[in-house]
Amino acid sequence: MAHYGDHQLQIYQAGLKGARPRLPMRMEDLEDAAHAVLSRESYWYVAGGAGEITMDANRTAFDKYRIHPRMLTDVSERDLSVTLFDRILPSPLLLAPIGVQSIIRPEAELAVARAAAATNVPMILSTVSAHSMERVAETMGDAPRWFQLYWPRSPELAASFVQRAEQAGYEAVVVTLDTKMMAWRARDLQNAFLPFLNGQGLANYTSDPWFRDGLERPPEEDMWPAVRRWAGEFADPSKTWKDLATLREATKLPILVKGIVHPDDARLALEHGVDGIVVSNHGGRQVDGSIAAIDALPGVATMVNGRVPVLFDSGIRTGSDVLKAKALGADAVLLGRPYIWGLALDGEDGVREVIKRVLADVDLTMALAGKAQFAEVDGSLLVD
Ligand SMILES: Cc1cc2nc3c(=O)[nH]c(=O)nc-3n(C[C@H](O)[C@H](O)[C@H](O)COP(=O)(O)O)c2cc1C
Ligand SMILES: CCCCCCC(=O)C(=O)O
């Protein structure tokens, strides 16, 4: 039986023929290499946060939790699969929604979609993508894909987005709640860089019939009216939990909410009928000084108590991070910035390689910790 960990052997075998890995192996070196090839503006748009405190805490907080390996268990056959919304996925990894990927490479989400499809890892496509959801879907065949919704001000546009997503074969809608506006981001302000103002990341809007109807000139002729309309539509700071009902009526797809870090918000989300929760602080890009995402996970998972899937992101870099997140209550995890570094360095192949490495690390670390089934990883994996 093939295992994700076999990728390790493939790298060593290639080494026998004199080939060294195309991408640096350590995550830190991968990011440094991407830094070297990207413009200052693009690199910092991805790498930066709303300050550095929470972004750093998202990583260092993992160190508090230690794996307590067990010996002489049979780990010859391993299974990383998870079931989410009736779909069996071969691994617990999904790709986090990351907007405006055209600042990295023009093929952007199309390259990521192909890599995701090749590895059977669901891609969560951002609302603010450079290619429309239909175009991305076309590249993916039957491969699993979800749509992330930046919940627009107008219910008509929100309904149109989720219905288009449903039509194009997306299997769930992830509504991001933590970005009713953009945080104070000193790096981007220093670079005076906000890609949306150049019309980047607006493909889902400019391809939307309702959105286009309200434009005085088509975006193909003049992008500025579309940018102005997008700025007014992007989000509605007055939205509250009760507004979820209108979204619920607009689609049959499972609805997850992303950006939950407080158990009381998890309770409210359940009371308002969500189908899943993503514990996330947006990679430290929204509230600097806020709780590290991994520290928020146990409280949310306890509140949810298995009623709906709990997913996690913000700080996932290694196999042991994934296992710790599972042990602390996550059913699956989202990989964020690392796949963007892969995209920057080697396009589709780079994304695929980053995914394969993380999964190999999960597989090997799980086996070495004494577990054969990801589904069986629980709190007992960790030191009390
Ligand atoms: C450049 C960039 C763009 C992002 N765009 C989106 C987005 O469009 N929608 C969304 O819900 N989250 C977005 N996120 C947040 C990610 O989905 C995820 O929560 C975050 O990257 C996790 O942190 P990590 O990458 O440090 O692990 C973005 C993150 C980055 C770095
Ligand atoms: C006006 C805010 C747009 C943010 C969209 C991309 C994103 O989520 C990010 O963190 O950057």
# chains A, B, ... in the order shown; residues from 1 in each chain; ligands from 1
>>> select_by_dssp(residues="range 128-371 of chain A", states="helix (DSSP H, G or I)", output="ChimeraX atom specification")
/A:133-138,155-167,186-190,195-198,203-206,209-213,224-233,241-250,263-271,282-284,293-304,319-327,337-368
>>> residues_around(residues="Leu72 in chain A", least_positions_apart="3", cutoff="10 Å", atoms="only C-alpha atoms", output="compact mmCIF listing (two decimals) with N, CA and C atoms, in the first residue's frame")
# COMPACT_ATOMS: atom_id res chain seq x y z
N VAL A 75 1.92 0.08 12.75
CA VAL A 75 1.68 1.25 11.89
C VAL A 75 2.07 0.94 10.44
N LEU A 368 5.33 7.43 13.57
CA LEU A 368 6.39 7.40 14.59
C LEU A 368 5.85 7.70 15.98
N ALA A 369 4.70 8.36 16.03
CA ALA A 369 4.06 8.62 17.34
C ALA A 369 3.20 7.44 17.77
N GLY A 370 3.08 6.43 16.87
CA GLY A 370 2.40 5.19 17.25
C GLY A 370 0.97 5.09 16.78
>>> residues_near_ligand(ligand="ligand 1", cutoff="8 Å", atoms="only C-alpha atoms and all ligand atoms", output="number ranges by chain")
A: 45-49, 55, 58, 96-101, 125-129, 148-150, 174-176, 179, 258-259, 280-285, 313-317, 334-338
>>> select_by_dssp(residues="range 83-242 of chain A", states="strand (DSSP E)", output="ChimeraX atom specification")
/A:83-84,87-89,93-95,123-125,145-149,173-176
>>> residues_around(residues="Thr246 in chain A", least_positions_apart="5", cutoff="12 Å", atoms="only C-alpha atoms", output="PyMOL selection string")
chain A and resi 151+154-159+162+239-241+251-252+255+272-273
>>> write_last_selection(atoms="C-alpha atoms", output="PDB file, in the first residue's frame")
ATOM      1  CA  TRP A 151     -20.210  38.181   2.299  1.00  0.00           C
ATOM      2  CA  SER A 154     -26.193  43.189  -1.274  1.00  0.00           C
ATOM      3  CA  PRO A 155     -28.148  39.980  -0.708  1.00  0.00           C
ATOM      4  CA  GLU A 156     -28.549  39.680  -4.486  1.00  0.00           C
ATOM      5  CA  LEU A 157     -24.790  39.451  -4.970  1.00  0.00           C
ATOM      6  CA  ALA A 158     -24.373  37.059  -2.035  1.00  0.00           C
ATOM      7  CA  ALA A 159     -27.088  34.805  -3.472  1.00  0.00           C
ATOM      8  CA  VAL A 162     -23.279  30.993  -3.681  1.00  0.00           C
ATOM      9  CA  LYS A 239     -24.065  42.301   9.524  1.00  0.00           C
ATOM     10  CA  THR A 240     -24.920  40.173  12.582  1.00  0.00           C
ATOM     11  CA  TRP A 241     -25.647  36.527  13.289  1.00  0.00           C
ATOM     12  CA  THR A 251     -28.001  27.709  -1.047  1.00  0.00           C
ATOM     13  CA  LYS A 252     -28.325  24.045  -0.238  1.00  0.00           C
ATOM     14  CA  ILE A 255     -22.164  26.593   5.222  1.00  0.00           C
ATOM     15  CA  HIS A 272     -27.727  29.918  13.785  1.00  0.00           C
ATOM     16  CA  GLY A 273     -27.509  26.624  11.973  1.00  0.00           C
TER      17      GLY A 273
END
>>> closest_residue(among="A:Ala375, A:Leu215, A:Ala186, A:Ala137", to="Lys326 in chain A", atoms="only C-alpha atoms")
A:Ala375
>>> atom_distance(atom1="CA of Ala108 in chain A", atom2="CA of Val351 in chain A")
10.8 Å
